[in-house]
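K.L.:
Okay, so here is target.pdb, and as you'll see once you scroll down, it has PDB, C-alpha atoms.
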MODEL        1
ATOM      1  CA  THR C 484      10.505  32.159  -3.941
ATOM      2  CA  SER C 485       7.486  30.012  -4.614
ATOM      3  CA  SER C 486       6.398  27.288  -2.237
ATOM      4  CA  PRO C 487       7.630  23.890  -3.376
ATOM      5  CA  SER C 488       4.847  21.429  -4.077
ATOM      6  CA  ILE C 489       4.698  17.681  -3.899
ATOM      7  CA  THR C 490       2.126  15.682  -5.779
ATOM      8  CA  THR C 491       0.362  12.645  -4.348
ATOM      9  CA  CYS C 492       1.248  13.343  -0.716
ATOM     10  CA  VAL C 493       0.612  10.770   1.921
ATOM     11  CA  PRO C 494      -0.479  12.091   5.322
ATOM     12  CA  GLY C 495       2.963  11.820   6.933
ATOM     13  CA  VAL C 496       4.655  13.621   4.070
ATOM     14  CA  GLN C 497       1.992  16.292   4.064
ATOM     15  CA  ARG C 498       2.303  16.850   7.805
ATOM     16  CA  PHE C 499       6.102  17.126   7.559
ATOM     17  CA  ALA C 500       5.827  19.405   4.548
ATOM     18  CA  SER C 501       3.476  21.835   6.251
ATOM     19  CA  GLU C 502       5.106  21.818   9.703
ATOM     20  CA  GLN C 503       8.789  21.695   8.823
ATOM     21  CA  VAL C 504       9.438  23.150   5.404
ATOM     22  CA  HIS C 505       6.190  24.972   4.594
ATOM     23  CA  TRP C 506       5.678  23.172   1.305
ATOM     24  CA  GLU C 507       2.353  23.216  -0.429
ATOM     25  CA  CYS C 508       1.165  19.711  -1.213
ATOM     26  CA  SER C 509      -1.314  19.077  -3.961
ATOM     27  CA  LEU C 510      -2.956  15.956  -5.288
ATOM     28  CA  ALA C 511      -2.861  15.630  -9.039
ATOM     29  CA  PRO C 512      -4.564  12.389 -10.105
ATOM     30  CA  GLN C 513      -4.325  13.532 -13.739
ATOM     31  CA  LEU C 514      -0.634  14.421 -13.539
ATOM     32  CA  SER C 515       0.144  12.937 -16.952
ATOM     33  CA  LYS C 516      -2.420  15.250 -18.576
ATOM     34  CA  SER C 517      -1.293  18.224 -16.504
ATOM     35  CA  LEU C 518       2.328  17.759 -17.592
ATOM     36  CA  GLN C 519       1.284  17.879 -21.265
ATOM     37  CA  ILE C 520       0.273  21.534 -20.924
ATOM     38  CA  PRO C 521       3.197  23.748 -22.023
ATOM     39  CA  GLY C 522       4.973  25.274 -19.031
ATOM     40  CA  SER C 523       2.949  23.279 -16.492
ATOM     41  CA  HIS C 524       5.989  21.402 -15.219
ATOM     42  CA  SER C 525       7.277  24.626 -13.640
ATOM     43  CA  ARG C 526       4.579  24.452 -10.962
ATOM     44  CA  TYR C 527       6.110  21.250  -9.559
ATOM     45  CA  ASP C 528       9.255  21.419  -7.470
ATOM     46  CA  GLY C 529       9.047  17.724  -6.697
ATOM     47  CA  ILE C 530       6.759  14.756  -7.233
ATOM     48  CA  ILE C 531       6.050  11.771  -4.990
ATOM     49  CA  ALA C 532       4.050   9.182  -6.902
ATOM     50  CA  ARG C 533       3.296   5.511  -7.398
ATOM     51  CA  ILE C 534       4.914   4.791 -10.742
ATOM     52  CA  THR C 535       5.660   1.754 -12.884
ATOM     53  CA  PRO C 536       8.204   1.156 -15.648
ATOM     54  CA  THR C 537       5.481   2.075 -18.163
ATOM     55  CA  THR C 538       4.379   5.350 -16.552
ATOM     56  CA  LYS C 539       4.560   7.660 -19.556
ATOM     57  CA  TRP C 540       5.405  11.002 -17.922
ATOM     58  CA  VAL C 541       8.464   9.814 -15.944
ATOM     59  CA  GLU C 542      11.018  10.569 -18.667
ATOM     60  CA  HIS C 543       9.549  14.021 -19.241
ATOM     61  CA  VAL C 544       9.730  14.828 -15.512
ATOM     62  CA  LYS C 545      13.340  13.659 -15.374
ATOM     63  CA  SER C 546      14.267  15.586 -18.528
ATOM     64  CA  VAL C 547      13.056  18.891 -17.055
ATOM     65  CA  GLY C 548      14.827  18.218 -13.761
ATOM     66  CA  ILE C 549      11.887  17.764 -11.407
ATOM     67  CA  PRO C 550      12.904  15.564  -8.441
ATOM     68  CA  LEU C 551      10.842  12.376  -8.473
ATOM     69  CA  VAL C 552      10.353   9.820  -5.711
ATOM     70  CA  ASN C 553       8.555   6.565  -6.417
ATOM     71  CA  VAL C 554       6.565   5.037  -3.550
ATOM     72  CA  ARG C 555       5.523   1.851  -5.328
ATOM     73  CA  LEU C 556       7.442  -1.354  -4.650
ATOM     74  CA  GLN C 557       6.464  -3.436  -7.642
ATOM     75  CA  PRO C 558       7.304  -3.544 -10.437
ATOM     76  CA  PRO C 559      10.739  -1.980  -9.909
ATOM     77  CA  VAL C 560      11.483   1.257 -11.765
ATOM     78  CA  ARG C 561      15.101   1.729 -12.878
ATOM     79  CA  ASP C 562      17.032   4.941 -12.311
ATOM     80  CA  THR C 563      14.360   6.374 -10.022
ATOM     81  CA  THR C 564      14.619   6.989  -6.295
ATOM     82  CA  THR C 565      12.193   4.641  -4.571
ATOM     83  CA  VAL C 566      11.105   4.864  -0.952
ATOM     84  CA  VAL C 567       8.875   2.112   0.406
ATOM     85  CA  PRO C 568       7.918   0.948   3.879
ATOM     86  CA  ASP C 569       9.571  -2.088   5.401
ATOM     87  CA  ARG C 570       6.594  -4.400   4.916
ATOM     88  CA  ARG C 571       8.246  -7.333   6.661
ATOM     89  CA  GLU C 572       8.800  -5.158   9.736
ATOM     90  CA  SER C 573       5.214  -3.871   9.574
ATOM     91  CA  GLY C 574       4.078  -7.495   9.780
ATOM     92  CA  CYS C 575       6.325  -8.069  12.810
ATOM     93  CA  LEU C 576       4.981  -4.949  14.514
ATOM     94  CA  ALA C 577       1.374  -5.922  13.859
ATOM     95  CA  ALA C 578       1.948  -9.384  15.332
ATOM     96  CA  GLU C 579       3.655  -7.890  18.396
ATOM     97  CA  HIS C 580       0.738  -5.478  18.825
ATOM     98  CA  LEU C 581      -1.867  -8.253  18.695
ATOM     99  CA  LEU C 582       0.176 -10.528  20.977
ATOM    100  CA  ALA C 583       0.522  -7.718  23.535
ATOM    101  CA  ARG C 584      -3.279  -7.377  23.582
ATOM    102  CA  GLY C 585      -3.692 -11.017  24.520
ATOM    103  CA  PHE C 586      -4.830 -12.520  21.227
ATOM    104  CA  ARG C 587      -4.048 -16.210  20.765
ATOM    105  CA  HIS C 588      -5.672 -16.756  17.350
ATOM    106  CA  PHE C 589      -4.434 -14.870  14.303
ATOM    107  CA  GLY C 590      -5.380 -14.243  10.717
ATOM    108  CA  TYR C 591      -3.877 -12.437   7.782
ATOM    109  CA  PHE C 592      -5.922 -10.914   4.957
ATOM    110  CA  GLY C 593      -3.719 -10.151   1.956
ATOM    111  CA  PHE C 594      -3.200 -10.280  -1.789
ATOM    112  CA  HIS C 595      -2.023 -13.165  -4.002
ATOM    113  CA  ARG C 596       1.225 -12.553  -5.892
ATOM    114  CA  GLU C 597       1.740  -9.068  -4.486
ATOM    115  CA  GLU C 598       5.211  -8.311  -3.140
ATOM    116  CA  ASN C 599       4.095  -5.962  -0.350
ATOM    117  CA  SER C 600       1.664  -8.550   0.965
ATOM    118  CA  ARG C 601       4.193 -11.379   0.655
ATOM    119  CA  GLN C 602       6.797  -9.485   2.677
ATOM    120  CA  GLN C 603       4.290  -8.421   5.312
ATOM    121  CA  VAL C 604       2.843 -11.881   5.920
ATOM    122  CA  THR C 605       6.388 -13.256   6.211
ATOM    123  CA  GLY C 606       7.192 -10.909   9.102
ATOM    124  CA  TYR C 607       3.786 -11.487  10.675
ATOM    125  CA  ARG C 608       4.098 -15.283  10.550
ATOM    126  CA  GLU C 609       7.712 -15.331  11.764
ATOM    127  CA  THR C 610       6.862 -13.226  14.813
ATOM    128  CA  LEU C 611       3.804 -15.324  15.638
ATOM    129  CA  GLN C 612       5.711 -18.598  15.185
ATOM    130  CA  THR C 613       8.483 -17.358  17.481
ATOM    131  CA  ALA C 614       5.798 -16.743  20.115
ATOM    132  CA  GLY C 615       4.370 -20.246  19.541
ATOM    133  CA  PHE C 616       1.342 -19.361  17.426
ATOM    134  CA  ASP C 617       0.141 -20.026  13.904
ATOM    135  CA  CYS C 618      -1.676 -17.785  11.464
ATOM    136  CA  ASP C 619      -4.611 -18.468   9.139
ATOM    137  CA  VAL C 620      -3.962 -16.711   5.814
ATOM    138  CA  HIS C 621      -6.674 -15.629   3.393
ATOM    139  CA  GLN C 622      -5.532 -14.063   0.130
ATOM    140  CA  VAL C 623      -7.406 -12.508  -2.768
ATOM    141  CA  HIS C 624      -6.418 -11.159  -6.162
ATOM    142  CA  LEU C 625      -5.751  -7.436  -6.504
ATOM    143  CA  SER C 626      -8.624  -7.207  -8.985
ATOM    144  CA  PHE C 627     -11.175  -8.717  -6.567
ATOM    145  CA  ASP C 628     -13.564  -5.781  -6.943
ATOM    146  CA  ARG C 629     -13.359  -5.058 -10.668
ATOM    147  CA  SER C 630     -16.513  -6.892 -11.715
ATOM    148  CA  GLY C 631     -19.787  -7.907 -10.137
ATOM    149  CA  THR C 632     -18.915 -11.596 -10.361
ATOM    150  CA  SER C 633     -15.468 -11.252  -8.777
ATOM    151  CA  TRP C 634     -16.956  -8.980  -6.111
ATOM    152  CA  GLU C 635     -19.558 -11.611  -5.163
ATOM    153  CA  LYS C 636     -16.934 -14.377  -5.079
ATOM    154  CA  PHE C 637     -14.725 -12.205  -2.891
ATOM    155  CA  PHE C 638     -17.481 -11.620  -0.327
ATOM    156  CA  GLU C 639     -18.577 -15.262  -0.312
ATOM    157  CA  ALA C 640     -15.007 -16.462   0.280
ATOM    158  CA  ALA C 641     -14.342 -13.809   2.942
ATOM    159  CA  ASP C 642     -17.584 -14.723   4.740
ATOM    160  CA  ARG C 643     -16.653 -18.422   4.699
ATOM    161  CA  TRP C 644     -13.201 -17.578   6.079
ATOM    162  CA  ILE C 645     -14.584 -15.363   8.851
ATOM    163  CA  GLU C 646     -17.062 -18.083   9.883
ATOM    164  CA  THR C 647     -14.108 -20.395  10.640
ATOM    165  CA  TRP C 648     -12.413 -17.990  13.050
ATOM    166  CA  PRO C 649     -12.018 -18.985  16.653
ATOM    167  CA  ARG C 650     -12.997 -16.038  18.827
ATOM    168  CA  PRO C 651     -11.395 -13.675  19.680
ATOM    169  CA  MET C 652      -9.246 -13.380  16.555
ATOM    170  CA  GLY C 653      -6.520 -10.833  15.830
ATOM    171  CA  VAL C 654      -6.405 -10.101  12.098
ATOM    172  CA  LEU C 655      -3.966  -8.076  10.033
ATOM    173  CA  ALA C 656      -5.335  -6.802   6.721
ATOM    174  CA  THR C 657      -2.602  -5.723   4.319
ATOM    175  CA  SER C 658      -4.464  -2.712   2.970
ATOM    176  CA  ASP C 659      -7.116  -0.223   4.008
ATOM    177  CA  ARG C 660      -9.252  -1.525   1.158
ATOM    178  CA  LEU C 661      -9.272  -5.090   2.513
ATOM    179  CA  CYS C 662      -9.629  -3.919   6.103
ATOM    180  CA  ARG C 663     -12.753  -1.958   5.243
ATOM    181  CA  TYR C 664     -14.407  -5.077   3.818
TER     182      TYR C 664
ENDMDL
END
What does this structure look like when you write it as structure tokens?
P.N.:
Amino acid sequence: TSSPSITTCVPGVQRFASEQVHWECSLAPQLSKSLQIPGSHSRYDGIIARITPTTKWVEHVKSVGIPLVNVRLQPPVRDTTTVVPDRRESGCLAAEHLLARGFRHFGYFGFHREENSRQQVTGYRETLQTAGFDCDVHQVHLSFDRSGTSWEKFFEAADRWIETWPRPMGVLATSDRLCRY
């Protein structure tokens, strides 16, 4: 039998796949184009992807019987198995981690109108408030880096926010992208 493959693996899935079930994981950023090639769907035994209700290849994948798991929270996709992290709990865990390291000032760097970020900051704030602390929240739009102007505004606002921090400050950034900046 051929090795099953999963597209768009995250590190944990890839580690499990290689150690436990000997799956081959491959990244296919152009999956929609790949699936248009006749017979190409047979090389996928399963797909893990971030999809939306308008993702064009979903119906094709379902029609040929390829198992599909969505790992995107918003917007919801009907009739598709979705697996997402418990963002509220991740916020609680991050707050507990920073509290255990002795921080007494806290910040949260997240996204406006983004469900993952909203759930995470809720758990973060609740845990900090239970411990008697507050949290300074700074949020940006998802498209903060799509143009030169928005990029400059993002950095100016982030710099102004950072200048207000009491030191030391424990900060949770909702994404690797924000954390890097």
K.L.:
Leaving out region 538-548 of chain C and any residue of its chain fewer than 3 positions from it, which residues lie within 7 Å of it when counting only C-alpha atoms, given as a PyMOL selection string?
P.N.:
chain C and resi 515+534-535
K.L.:
Given the file above and the PyMOL selection byres ((chain C and resi 619) around 8), which residues are selected, and can you give them as a count of residues only?
P.N.:
7
K.L.:
Fewer than 4 positions away in the same chain doesn't count, so skip those; otherwise give me all residues within 9 Å of region 556-562 of chain C, counting all atoms listed in the file, as a list of chain:residue names.
P.N.:
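In the requested form, the answer reads C:Arg533, C:Ile534, C:Thr535, C:Pro536, C:Thr537, C:Val566, C:Val567, C:Pro568, C:Glu597, C:Glu598, C:Asn599.
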K.L.:
Output C-alpha atoms for every residue in the selection just made, as a compact mmCIF listing (two decimals), in the frame of the given file.
P.N.:
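Now in result_33.txt:
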# COMPACT_ATOMS: atom_id res chain seq x y z
CA ARG C 533 3.30 5.51 -7.40
CA ILE C 534 4.91 4.79 -10.74
CA THR C 535 5.66 1.75 -12.88
CA PRO C 536 8.20 1.16 -15.65
CA THR C 537 5.48 2.08 -18.16
CA VAL C 566 11.10 4.86 -0.95
CA VAL C 567 8.88 2.11 0.41
CA PRO C 568 7.92 0.95 3.88
CA GLU C 597 1.74 -9.07 -4.49
CA GLU C 598 5.21 -8.31 -3.14
CA ASN C 599 4.10 -5.96 -0.35
K.L.:
Give the answer as one residue: which of C:Val552, C:Ala511, C:Ala500, C:Val604 has the shortest atom-to-atom distance to Ala656 (chain C), using all atoms listed in the file?
P.N.:
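Ranked by minimum distance to Ala656 (chain C), first place goes to C:Val604.
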K.L.:
To one decimal place in Å, what is the distance between CA of Arg629 (chain C) and CA of Ser600 (chain C)?
P.N.:
19.3 Å
K.L.:
Which residue gives the smallest distance to Leu661 (chain C) among C:Asp628, C:Glu639, C:Glu502, C:Glu507, with only C-alpha atoms counted?
P.N.:
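Under the stated criterion, the closest residue is C:Asp628.
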K.L.:
If I take CA of Gln622 (chain C) and CA of Val654 (chain C), how far is one from the other in Å, to one decimal?
P.N.:
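These two atoms are separated by 12.6 Å.
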K.L.:
If you measure from CA of Lys516 (chain C) to CA of Ile549 (chain C), what distance in Å do you get, rounded to one decimal?
P.N.:
16.2 Å
K.L.:
Running the PyMOL selection byres ((chain C and resi 614) around 12) on this model by hand, what would come out? Give it as a list in words.
P.N.:
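This file gives the following for the PyMOL selection byres ((chain C and resi 614) around 12): Cys575, Ala578, Glu579, Leu581, Leu582, Ala583, Gly585, Phe586, Arg587, His588, Phe589, Tyr607, Arg608, Glu609, Thr610, Leu611, Gln612, Thr613, Gly615, Phe616, Asp617 and Cys618 of chain C.
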K.L.:
Please determine, counting all atoms listed in the file, which residue among C:Thr564, C:Thr657, C:Trp644, C:Leu576 has the shortest atom-to-atom distance to Arg601 (chain C).
P.N.:
C:Thr657
K.L.:
Adding 3 Å on each side of the box along x, y and z that holds all listed atoms of region 648-663 of chain C, could you give its centre and edge lengths in Å to one decimal, as JSON?
P.N.:
{"center_x": -7.8, "center_y": -9.6, "center_z": 10.4, "size_x": 16.4, "size_y": 24.8, "size_z": 24.5}
K.L.:
Near Ser626 (chain C), counting all atoms listed in the file, which residues have an atom at most 12 Å away, once you skip same-chain residues fewer than 3 positions from it, shown as a PyMOL selection string?
P.N.:
chain C and resi 594-597+622-623+629-634+636-637+660-661
K.L.:
Can I get the selected residues back with C-alpha atoms, as a PDB file, keeping the file's coordinate frame?
P.N.:
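So the final result, stored in out-v5.pdb, reads:
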ATOM      1  CA  PHE C 594      -3.200 -10.280  -1.789  1.00  0.00           C
ATOM      2  CA  HIS C 595      -2.023 -13.165  -4.002  1.00  0.00           C
ATOM      3  CA  ARG C 596       1.225 -12.553  -5.892  1.00  0.00           C
ATOM      4  CA  GLU C 597       1.740  -9.068  -4.486  1.00  0.00           C
ATOM      5  CA  GLN C 622      -5.532 -14.063   0.130  1.00  0.00           C
ATOM      6  CA  VAL C 623      -7.406 -12.508  -2.768  1.00  0.00           C
ATOM      7  CA  ARG C 629     -13.359  -5.058 -10.668  1.00  0.00           C
ATOM      8  CA  SER C 630     -16.513  -6.892 -11.715  1.00  0.00           C
ATOM      9  CA  GLY C 631     -19.787  -7.907 -10.137  1.00  0.00           C
ATOM     10  CA  THR C 632     -18.915 -11.596 -10.361  1.00  0.00           C
ATOM     11  CA  SER C 633     -15.468 -11.252  -8.777  1.00  0.00           C
ATOM     12  CA  TRP C 634     -16.956  -8.980  -6.111  1.00  0.00           C
ATOM     13  CA  LYS C 636     -16.934 -14.377  -5.079  1.00  0.00           C
ATOM     14  CA  PHE C 637     -14.725 -12.205  -2.891  1.00  0.00           C
ATOM     15  CA  ARG C 660      -9.252  -1.525   1.158  1.00  0.00           C
ATOM     16  CA  LEU C 661      -9.272  -5.090   2.513  1.00  0.00           C
TER      17      LEU C 661
END
K.L.:
Would you write out, as a ChimeraX atom specification, every residue that the PyMOL selection byres ((chain C and resi 571-573) around 6) captures in this file?
P.N.:
/C:569-570,574-576,602-603,606
K.L.:
Just write the chosen residues, C-alpha atoms, as a compact mmCIF listing (two decimals), in the coordinates of the input.
P.N.:
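Writing the result to selection32.txt gives the following:
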# COMPACT_ATOMS: atom_id res chain seq x y z
CA ASP C 569 9.57 -2.09 5.40
CA ARG C 570 6.59 -4.40 4.92
CA GLY C 574 4.08 -7.50 9.78
CA CYS C 575 6.32 -8.07 12.81
CA LEU C 576 4.98 -4.95 14.51
CA GLN C 602 6.80 -9.48 2.68
CA GLN C 603 4.29 -8.42 5.31
CA GLY C 606 7.19 -10.91 9.10
